[in-house]
Each structure stands twice: as structure tokens, then as C-alpha cells.
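Participant: mmCIF, C-alpha atoms, file data_10.cif:
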data_upload
#
loop_
_atom_site.label_atom_id
_atom_site.label_comp_id
_atom_site.auth_asym_id
_atom_site.auth_seq_id
_atom_site.Cartn_x
_atom_site.Cartn_y
_atom_site.Cartn_z
CA ASN A 1 -17.35 -29.36 6.59
CA ALA A 2 -17.28 -27.02 9.57
CA GLY A 3 -19.26 -24.21 7.98
CA VAL A 4 -18.41 -20.55 8.47
CA MET A 5 -16.46 -20.16 11.71
CA GLN A 6 -16.48 -16.90 13.59
CA ASN A 7 -14.56 -16.16 16.72
CA PRO A 8 -14.84 -15.10 19.34
CA ARG A 9 -18.57 -15.65 19.94
CA HIS A 10 -18.61 -12.89 22.55
CA LEU A 11 -16.16 -10.04 22.91
CA VAL A 12 -16.11 -7.35 25.58
CA ARG A 13 -13.97 -4.27 25.06
CA ARG A 14 -13.55 -1.04 26.97
CA ARG A 15 -14.04 2.23 25.13
CA GLY A 16 -10.91 3.12 23.21
CA GLN A 17 -9.64 -0.44 22.82
CA GLU A 18 -9.38 -2.36 19.57
CA ALA A 19 -11.68 -5.20 18.57
CA ARG A 20 -10.62 -7.93 16.14
CA LEU A 21 -13.25 -10.26 14.77
CA ARG A 22 -12.28 -13.32 12.77
CA CYS A 23 -14.11 -15.24 10.09
CA SER A 24 -13.03 -18.44 8.39
CA PRO A 25 -15.19 -19.13 5.32
CA MET A 26 -16.50 -22.50 4.31
CA LYS A 27 -14.11 -24.70 2.41
CA GLY A 28 -14.26 -23.81 -1.26
CA HIS A 29 -15.77 -20.38 -0.64
CA SER A 30 -13.70 -17.48 -1.87
CA HIS A 31 -16.09 -14.62 -1.07
CA VAL A 32 -16.61 -13.17 2.40
CA TYR A 33 -19.18 -10.64 3.57
CA TRP A 34 -19.46 -8.80 6.88
CA TYR A 35 -22.77 -7.59 8.25
CA ARG A 36 -23.69 -5.70 11.41
CA GLN A 37 -26.87 -6.05 13.42
CA LEU A 38 -27.37 -3.24 15.88
CA PRO A 39 -29.68 -3.86 18.86
CA GLU A 40 -33.34 -3.75 17.80
CA GLU A 41 -32.34 -3.11 14.16
CA GLY A 42 -32.02 -5.18 11.05
CA LEU A 43 -28.88 -6.45 9.40
CA LYS A 44 -26.78 -4.03 7.38
CA PHE A 45 -24.13 -4.82 4.80
CA MET A 46 -20.64 -3.61 5.67
CA VAL A 47 -18.03 -5.05 3.32
CA TYR A 48 -17.51 -7.69 0.64
CA LEU A 49 -14.09 -9.24 0.13
CA GLN A 50 -12.37 -11.80 -1.99
CA LYS A 51 -8.91 -13.14 -1.26
CA GLU A 52 -6.57 -10.15 -0.90
CA ASN A 53 -9.15 -7.77 -2.39
CA ILE A 54 -11.87 -5.51 -1.06
CA ILE A 55 -14.66 -5.59 -3.62
CA ASP A 56 -17.25 -3.34 -1.98
CA GLU A 57 -16.85 -1.45 1.28
CA SER A 58 -19.76 0.92 0.76
CA GLY A 59 -21.35 -0.11 4.07
CA MET A 60 -18.26 0.38 6.22
CA PRO A 61 -18.00 3.44 8.45
CA LYS A 62 -15.28 5.68 7.05
CA GLU A 63 -13.26 5.83 10.24
CA ARG A 64 -11.98 3.22 12.70
CA PHE A 65 -13.27 0.21 10.73
CA SER A 66 -11.19 -1.91 8.39
CA ALA A 67 -11.40 -5.39 6.91
CA GLU A 68 -9.02 -7.75 5.22
CA PHE A 69 -9.06 -11.23 3.75
CA PRO A 70 -5.43 -12.29 3.33
CA LYS A 71 -4.18 -15.03 1.04
CA GLU A 72 -3.70 -17.27 4.06
CA GLY A 73 -5.85 -17.24 7.16
CA PRO A 74 -9.23 -15.87 8.13
CA SER A 75 -10.88 -12.64 7.24
CA ILE A 76 -10.47 -9.99 9.95
CA LEU A 77 -12.83 -7.14 10.78
CA ARG A 78 -10.95 -4.61 12.86
CA ILE A 79 -12.52 -1.83 14.88
CA GLN A 80 -10.13 0.68 16.39
CA GLN A 81 -10.90 2.89 19.39
CA VAL A 82 -14.26 1.28 19.98
CA VAL A 83 -17.19 3.31 21.25
CA ARG A 84 -20.44 2.20 22.89
CA GLY A 85 -22.29 2.58 19.60
CA ASP A 86 -20.16 -0.20 18.11
CA SER A 87 -21.90 -2.71 20.38
CA ALA A 88 -23.67 -5.07 18.00
CA ALA A 89 -23.69 -8.55 16.55
CA TYR A 90 -21.28 -8.87 13.64
CA PHE A 91 -22.04 -11.63 11.18
CA CYS A 92 -19.80 -13.02 8.52
CA ALA A 93 -21.05 -14.96 5.51
CA SER A 94 -19.28 -16.75 2.72
CA SER A 95 -20.27 -17.91 -0.71
CA PRO A 96 -18.84 -19.74 -3.67
CA PRO A 97 -17.98 -17.63 -6.70
CA VAL A 98 -20.85 -15.51 -8.02
CA GLY A 99 -22.86 -17.36 -10.62
CA THR A 100 -22.63 -20.74 -8.93
CA ASP A 101 -26.10 -22.21 -8.89
CA SER A 102 -26.70 -23.37 -5.34
CA ASN A 103 -29.75 -23.22 -3.13
CA TYR A 104 -27.62 -23.10 0.00
CA GLY A 105 -24.31 -21.72 -1.25
CA TYR A 106 -24.58 -18.63 0.92
CA THR A 107 -23.68 -19.52 4.50
CA PHE A 108 -23.62 -17.38 7.62
CA GLY A 109 -21.48 -17.76 10.67
CA SER A 110 -22.91 -17.68 14.19
CA GLY A 111 -21.80 -14.11 14.73
CA THR A 112 -19.62 -12.25 17.20
CA ARG A 113 -21.45 -10.25 19.82
CA LEU A 114 -19.37 -7.21 20.68
CA THR A 115 -20.11 -5.31 23.86
CA VAL A 116 -18.30 -2.06 24.52
CA VAL A 117 -18.28 -1.01 28.17
CA LYS B 1 -37.79 4.12 2.43
CA ASN B 2 -36.22 0.69 2.77
CA GLU B 3 -35.56 -1.08 -0.51
CA VAL B 4 -36.90 -4.31 0.99
CA GLU B 5 -40.17 -4.33 2.91
CA GLN B 6 -41.60 -7.23 4.87
CA SER B 7 -44.99 -7.90 6.36
CA PRO B 8 -46.17 -8.58 8.90
CA GLN B 9 -43.57 -7.40 11.41
CA ASN B 10 -44.88 -9.74 14.07
CA LEU B 11 -46.95 -12.89 13.68
CA THR B 12 -48.42 -15.26 16.24
CA ALA B 13 -49.93 -18.53 15.11
CA GLN B 14 -51.36 -21.70 16.64
CA GLU B 15 -49.47 -24.90 16.05
CA GLY B 16 -50.57 -26.49 12.78
CA GLU B 17 -51.59 -23.26 11.07
CA PHE B 18 -50.47 -22.31 7.57
CA ILE B 19 -48.26 -19.22 7.69
CA THR B 20 -47.40 -16.69 5.02
CA ILE B 21 -44.76 -13.97 5.24
CA ASN B 22 -44.53 -11.41 2.46
CA CYS B 23 -41.63 -9.47 1.00
CA SER B 24 -41.68 -6.64 -1.53
CA TYR B 25 -38.69 -4.95 -3.05
CA SER B 26 -38.27 -1.85 -5.15
CA VAL B 27 -34.98 -2.41 -6.95
CA GLY B 28 -33.58 -4.71 -9.59
CA ILE B 29 -32.19 -7.88 -8.07
CA SER B 30 -30.11 -10.85 -9.08
CA ALA B 31 -31.62 -13.09 -6.39
CA LEU B 32 -33.86 -13.05 -3.35
CA HIS B 33 -33.07 -14.96 -0.17
CA TRP B 34 -35.07 -16.06 2.82
CA LEU B 35 -33.15 -16.35 6.09
CA GLN B 36 -34.04 -17.63 9.54
CA GLN B 37 -32.61 -16.25 12.78
CA HIS B 38 -33.35 -17.78 16.17
CA PRO B 39 -33.17 -15.55 19.28
CA GLY B 40 -29.53 -14.93 20.18
CA GLY B 41 -28.53 -17.31 17.45
CA GLY B 42 -26.99 -17.42 14.07
CA ILE B 43 -28.56 -17.02 10.68
CA VAL B 44 -29.55 -19.85 8.42
CA SER B 45 -30.09 -19.41 4.71
CA LEU B 46 -33.37 -21.13 3.80
CA PHE B 47 -33.80 -20.33 0.12
CA MET B 48 -32.22 -18.50 -2.76
CA LEU B 49 -34.67 -17.63 -5.55
CA SER B 50 -34.40 -15.94 -8.88
CA SER B 51 -37.69 -17.19 -10.31
CA GLY B 52 -40.61 -19.48 -9.62
CA LYS B 53 -40.95 -21.57 -6.53
CA LYS B 54 -38.82 -23.75 -4.26
CA LYS B 55 -39.81 -26.23 -1.55
CA HIS B 56 -37.84 -27.68 1.32
CA GLY B 57 -39.74 -29.81 3.78
CA ARG B 58 -42.60 -27.72 5.20
CA LEU B 59 -41.21 -24.50 3.75
CA ILE B 60 -42.19 -23.10 0.37
CA ALA B 61 -40.84 -19.92 -1.19
CA THR B 62 -42.22 -18.19 -4.26
CA ILE B 63 -41.20 -15.14 -6.21
CA ASN B 64 -42.97 -13.00 -8.80
CA ILE B 65 -40.31 -11.01 -10.63
CA GLN B 66 -42.79 -8.76 -12.48
CA GLU B 67 -44.53 -7.76 -9.26
CA LYS B 68 -41.26 -7.64 -7.26
CA HIS B 69 -42.81 -9.76 -4.56
CA SER B 70 -41.94 -12.95 -2.72
CA SER B 71 -43.70 -15.07 -0.14
CA LEU B 72 -42.48 -17.60 2.38
CA HIS B 73 -45.02 -20.20 3.44
CA ILE B 74 -44.79 -22.60 6.35
CA THR B 75 -47.22 -25.52 6.33
CA ALA B 76 -48.27 -27.32 9.53
CA SER B 77 -46.39 -24.82 11.70
CA HIS B 78 -44.64 -26.01 14.84
CA PRO B 79 -43.30 -24.15 17.91
CA ARG B 80 -39.74 -24.85 16.74
CA ASP B 81 -40.51 -22.66 13.70
CA SER B 82 -40.56 -19.67 16.08
CA ALA B 83 -37.83 -17.35 14.83
CA VAL B 84 -37.25 -14.16 12.90
CA TYR B 85 -37.59 -14.64 9.16
CA ILE B 86 -35.65 -12.19 7.03
CA CYS B 87 -36.01 -11.42 3.35
CA ALA B 88 -32.84 -10.25 1.62
CA VAL B 89 -31.95 -9.34 -1.95
CA SER B 90 -28.68 -9.40 -3.79
CA ARG B 91 -28.03 -7.03 -6.64
CA GLY B 92 -25.76 -6.70 -9.60
CA THR B 93 -22.58 -8.65 -9.88
CA GLY B 94 -21.89 -8.81 -6.17
CA ASN B 95 -23.57 -11.08 -3.71
CA GLN B 96 -23.88 -8.68 -0.79
CA PHE B 97 -27.33 -8.66 0.75
CA TYR B 98 -29.78 -5.88 1.48
CA PHE B 99 -32.20 -6.88 4.17
CA GLY B 100 -35.81 -6.44 5.13
CA THR B 101 -36.54 -5.67 8.76
CA GLY B 102 -37.63 -9.21 9.51
CA THR B 103 -40.82 -10.92 10.63
CA SER B 104 -40.88 -12.25 14.16
CA LEU B 105 -42.91 -15.48 14.21
CA THR B 106 -44.18 -17.15 17.36
CA VAL B 107 -45.96 -20.48 17.08
CA ILE B 108 -47.97 -21.39 20.16
CA PRO B 109 -48.47 -25.06 21.08
#
Can you turn what I pasted into C-alpha cells?
Facilitator:
Amino acid sequence: NAGVMQNPRHLVRRRGQEARLRCSPMKGHSHVYWYRQLPEEGLKFMVYLQKENIIDESGMPKERFSAEFPKEGPSILRIQQVVRGDSAAYFCASSPPVGTDSNYGYTFGSGTRLTVV
Amino acid sequence: KNEVEQSPQNLTAQEGEFITINCSYSVGISALHWLQQHPGGGIVSLFMLSSGKKKHGRLIATINIQEKHSSLHITASHPRDSAVYICAVSRGTGNQFYFGTGTSLTVIP
């Protein structure tokens, strides 16, 4: 059981480029969450997805950011035309279906550290 | 005002001391979680609580639903416990988290 896999671990992009962050949930987990941790700030919720569905994107910036979780393959967080303020650590988490009673069902990935230069 | 408040923000302890980190929240929740984040590292989920108390090794987590308060205790603290401890709550039917600002713990040998 490889846990939640995020790649790349580190990503450097120039202003105006696109950043693609990938997240493969734990086996058996059908729910994926993306969080952002800005430098010197706490974690903030961005988006919650199930397979092929966005359930809650209330934390996503309205422009340039999008997320998907296709039927096959990892979840992707896409940031278009990156700016310096997008530099942050982006964490993905996955969980089994809501209502599953598990002390450790919620699992985080190691994060992708995006630096925009 | 943040929906989840933690105290203290920073904590330094001698090895072997008993440590308590507090978390208060102001909204209805479905569960409360304690997370651990090492510097530059990933995040580990320590506990998920909806009532009562849970124990895992030297870690104990309690929650008082009526008072909207939770505590994380570390017994016989060790330098490897040095990390940021984050309280998070999940609400409603979704499992997305809302986070406290974290408590940075340093345990000195």
C-alpha cells in the first residue's frame, strides 16, 4: 500500500507557464482533496473531488485554477499562467467514502512544492 | 476570526515533559482531526475524533463536544516529537478540512 502519491515533489515554473500537480489516492479511496499551504500560513482547503465529479470547489481561486479526478488515472490540479503568489506547498489527501469509521482513513500525500520564478 | 483556534502557537519543552496542545472551534463539526507536520515534510493524520478520547502510543487526544474543545497530549516527550501539530475539523457531509494555525513544538534533549 503505497499511500497517497504526489508528484512532482518540487516544481519550478516561470511566470506565465502552466503547472500540473498530480495526486494518486490510496487504494480503495474514492475521495480526493487538495489543500494549499502558503509560506508562513496555515493550510487552506481548495477542492474536494470524487471520481469524475467536483463536489466542493469553494476554496479554489476563480481564475487560472482547475482540478479533475478522471475515471482512470490520478487527480490533477492545474494552474495556468502562474504568478509568484502561487508559490506554495500543495497537498493532496484521500479518504474512503464518508461515513467509514476509521481512525486513520484520511491520508495526506507528501506535497508538491511549487516555486514560481 | 478563524473557525478553529489553537494554543499555544509555539511550545518548547524539555525531554520527558508532559505536553498539552489545545484546540477550540466555533462551528458544528462532524469530526475533529489532529495532524502532525515535520519541517519541510508531509502531513500525518494522528487522530480522528467525534467523541471521547483516543490513545495511540504516547499520544492521547480528547474532545468535549459541548464545550467545542479538544486537547492533544504527549506523554514522556522526545526530541523526535518536534513538529507542527495542527487541529482540523470536518463539517457536514463532506470530509474537507478547516485548519487551525498550528502549534510548533520543540522538544529539547
Participant: Here's the selection I'm unsure about, the PyMOL selection byres ((chain B) within 7 of (chain A)); applied to the file above, which residues does it give, as a PyMOL selection string?
Facilitator: chain B and resi 41-45+47-48+95-99+101
Participant: For Gly73 (chain A), which residue out of A:Gly85, A:Pro25, A:Pro39, A:Gly59 is the nearest one, using only C-alpha atoms?
Facilitator: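 Smallest separation from Gly73 (chain A) among the options: A:Pro25.
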Participant: From the set B:Arg80, B:His73, B:Arg91, B:His33, which residue has the shortest atom-to-atom contact distance to Lys55 (chain B), counting only C-alpha atoms?
Facilitator: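 Closest residue, counting only C-alpha atoms: B:His73.
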Participant: For a quick check of understanding, using only C-alpha atoms, which of B:Gly40, B:Gly28, B:Thr103, B:Gln6 has the smallest distance to Arg9 (chain A)?
Facilitator: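 Closest candidate: B:Gly40.
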Participant: Just the number, please: distance in Å from CA of Phe18 (chain B) to CA of Val89 (chain B), one decimal.
Facilitator: 24.5 Å
Participant: Hey, what comes out of the PyMOL selection byres ((chain B and resi 86) around 8) on this file? Could you write it as a PyMOL selection string?
Facilitator: chain B and resi 34-37+84-85+87-88+99-103
Participant: I need the output of the PyMOL selection byres ((chain A and resi 66) around 9) for this file as a ChimeraX atom specification; which residues are they?
Facilitator: /A:60-65,67-68,76-80
Participant: Would you place a box with edges along x, y and z of the file around all atoms of region 52-71 of chain B listed there, add 8 Å to each of its six sides, and report the centre and edge lengths in Å to one decimal, as lines of an AutoDock Vina configuration file?
Facilitator:
center_x = -41.2
center_y = -18.7
center_z = -3.6
size_x = 22.7
size_y = 38.2
size_z = 33.7
Participant: Provide the CA of Pro109 (chain B) to CA of Asn10 (chain B) distance in Å, to one decimal place.
Facilitator: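 Between CA of Pro109 (chain B) and CA of Asn10 (chain B) the gap is 17.2 Å.
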Participant: Report, in Å to a single decimal, how far apart CA of Thr115 (chain A) and CA of Gln81 (chain A) are.
Facilitator: 13.1 Å
Participant: Just checking: using all atoms listed in the file, which residue out of B:His78, B:His38, B:Lys54, B:Lys68 ends up closest to Glu17 (chain B)?
Facilitator: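 Distance minimum relative to Glu17 (chain B) lands on B:His78.
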Participant: Which of these, B:Ala83, B:Glu67, B:Gly52, B:Ser77, has the shortest distance to Gly16 (chain B) once you count only C-alpha atoms?
Facilitator: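 Smallest separation from Gly16 (chain B) among the options: B:Ser77.
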Participant: Measuring atom to atom with all atoms listed in the file, identify which of A:Ser58, A:Ser30, A:Gln17, A:Gln50 is nearest to Val4 (chain A).
Facilitator: A:Ser30
Participant: Could you list, as a list in words, every residue within 12 Å of Thr75 (chain B), counting only C-alpha atoms and ignoring same-chain residues fewer than 3 positions away?
Facilitator: Ala13, Gln14, Glu15, Gly16, Glu17, Phe18, Ile19, Thr20, Ile21, Lys55, His56, Gly57, Arg58, Leu59, Ile60, Ala61, Leu72, His78, Asp81 and Val107 of chain B
Participant: Missing atoms in region 7-27 of chain A: can you complete it with N, CA, C and O atoms, as a short mmCIF file (atom, residue, chain, number, x, y, z; two decimals), in the frame of the given file?
Facilitator:
data_model
loop_
_atom_site.label_atom_id
_atom_site.label_comp_id
_atom_site.auth_asym_id
_atom_site.auth_seq_id
_atom_site.Cartn_x
_atom_site.Cartn_y
_atom_site.Cartn_z
N ASN A 7 -14.99 -16.23 15.33
CA ASN A 7 -14.56 -16.16 16.72
C ASN A 7 -14.00 -14.78 17.02
O ASN A 7 -13.52 -14.08 16.13
N PRO A 8 -14.14 -14.37 18.29
CA PRO A 8 -14.84 -15.10 19.34
C PRO A 8 -16.36 -14.98 19.21
O PRO A 8 -16.85 -14.18 18.43
N ARG A 9 -17.10 -15.76 19.95
CA ARG A 9 -18.57 -15.65 19.94
C ARG A 9 -19.00 -14.38 20.67
O ARG A 9 -19.95 -13.72 20.27
N HIS A 10 -18.31 -14.09 21.75
CA HIS A 10 -18.61 -12.89 22.55
C HIS A 10 -17.30 -12.16 22.80
O HIS A 10 -16.28 -12.79 23.08
N LEU A 11 -17.36 -10.85 22.72
CA LEU A 11 -16.16 -10.04 22.91
C LEU A 11 -16.56 -8.79 23.69
O LEU A 11 -17.48 -8.07 23.29
N VAL A 12 -15.86 -8.55 24.78
CA VAL A 12 -16.11 -7.35 25.58
C VAL A 12 -14.86 -6.47 25.50
O VAL A 12 -13.75 -6.94 25.73
N ARG A 13 -15.08 -5.22 25.15
CA ARG A 13 -13.97 -4.27 25.06
C ARG A 13 -14.35 -2.99 25.80
O ARG A 13 -15.51 -2.57 25.83
N ARG A 14 -13.34 -2.36 26.37
CA ARG A 14 -13.55 -1.04 26.97
C ARG A 14 -13.45 0.02 25.88
O ARG A 14 -12.76 -0.17 24.86
N ARG A 15 -14.12 1.12 26.08
CA ARG A 15 -14.04 2.23 25.13
C ARG A 15 -12.58 2.58 24.85
O ARG A 15 -11.77 2.67 25.76
N GLY A 16 -12.26 2.75 23.60
CA GLY A 16 -10.91 3.12 23.21
C GLY A 16 -10.02 1.95 22.83
O GLY A 16 -8.97 2.14 22.20
N GLN A 17 -10.43 0.73 23.18
CA GLN A 17 -9.64 -0.44 22.82
C GLN A 17 -9.92 -0.84 21.37
O GLN A 17 -10.82 -0.31 20.71
N GLU A 18 -9.18 -1.82 20.92
CA GLU A 18 -9.38 -2.36 19.57
C GLU A 18 -10.12 -3.69 19.65
O GLU A 18 -9.91 -4.47 20.58
N ALA A 19 -10.99 -3.91 18.67
CA ALA A 19 -11.68 -5.20 18.57
C ALA A 19 -11.28 -5.86 17.25
O ALA A 19 -11.27 -5.20 16.20
N ARG A 20 -10.94 -7.15 17.34
CA ARG A 20 -10.62 -7.93 16.14
C ARG A 20 -11.56 -9.11 16.07
O ARG A 20 -11.58 -9.94 16.97
N LEU A 21 -12.30 -9.19 14.97
CA LEU A 21 -13.25 -10.26 14.77
C LEU A 21 -12.77 -11.11 13.60
O LEU A 21 -12.37 -10.57 12.57
N ARG A 22 -12.83 -12.42 13.78
CA ARG A 22 -12.28 -13.32 12.77
C ARG A 22 -13.37 -14.15 12.12
O ARG A 22 -14.35 -14.54 12.77
N CYS A 23 -13.15 -14.44 10.86
CA CYS A 23 -14.11 -15.24 10.09
C CYS A 23 -13.36 -16.17 9.16
O CYS A 23 -12.61 -15.70 8.29
N SER A 24 -13.59 -17.46 9.32
CA SER A 24 -13.03 -18.44 8.39
C SER A 24 -14.16 -18.94 7.50
O SER A 24 -15.12 -19.53 8.01
N PRO A 25 -14.08 -18.72 6.20
CA PRO A 25 -15.19 -19.13 5.32
C PRO A 25 -15.26 -20.64 5.19
O PRO A 25 -14.34 -21.36 5.58
N MET A 26 -16.36 -21.08 4.61
CA MET A 26 -16.50 -22.50 4.31
C MET A 26 -15.44 -22.91 3.29
O MET A 26 -15.02 -22.11 2.46
N LYS A 27 -15.08 -24.17 3.36
CA LYS A 27 -14.11 -24.70 2.41
C LYS A 27 -14.67 -24.53 0.99
O LYS A 27 -15.82 -24.85 0.71
#
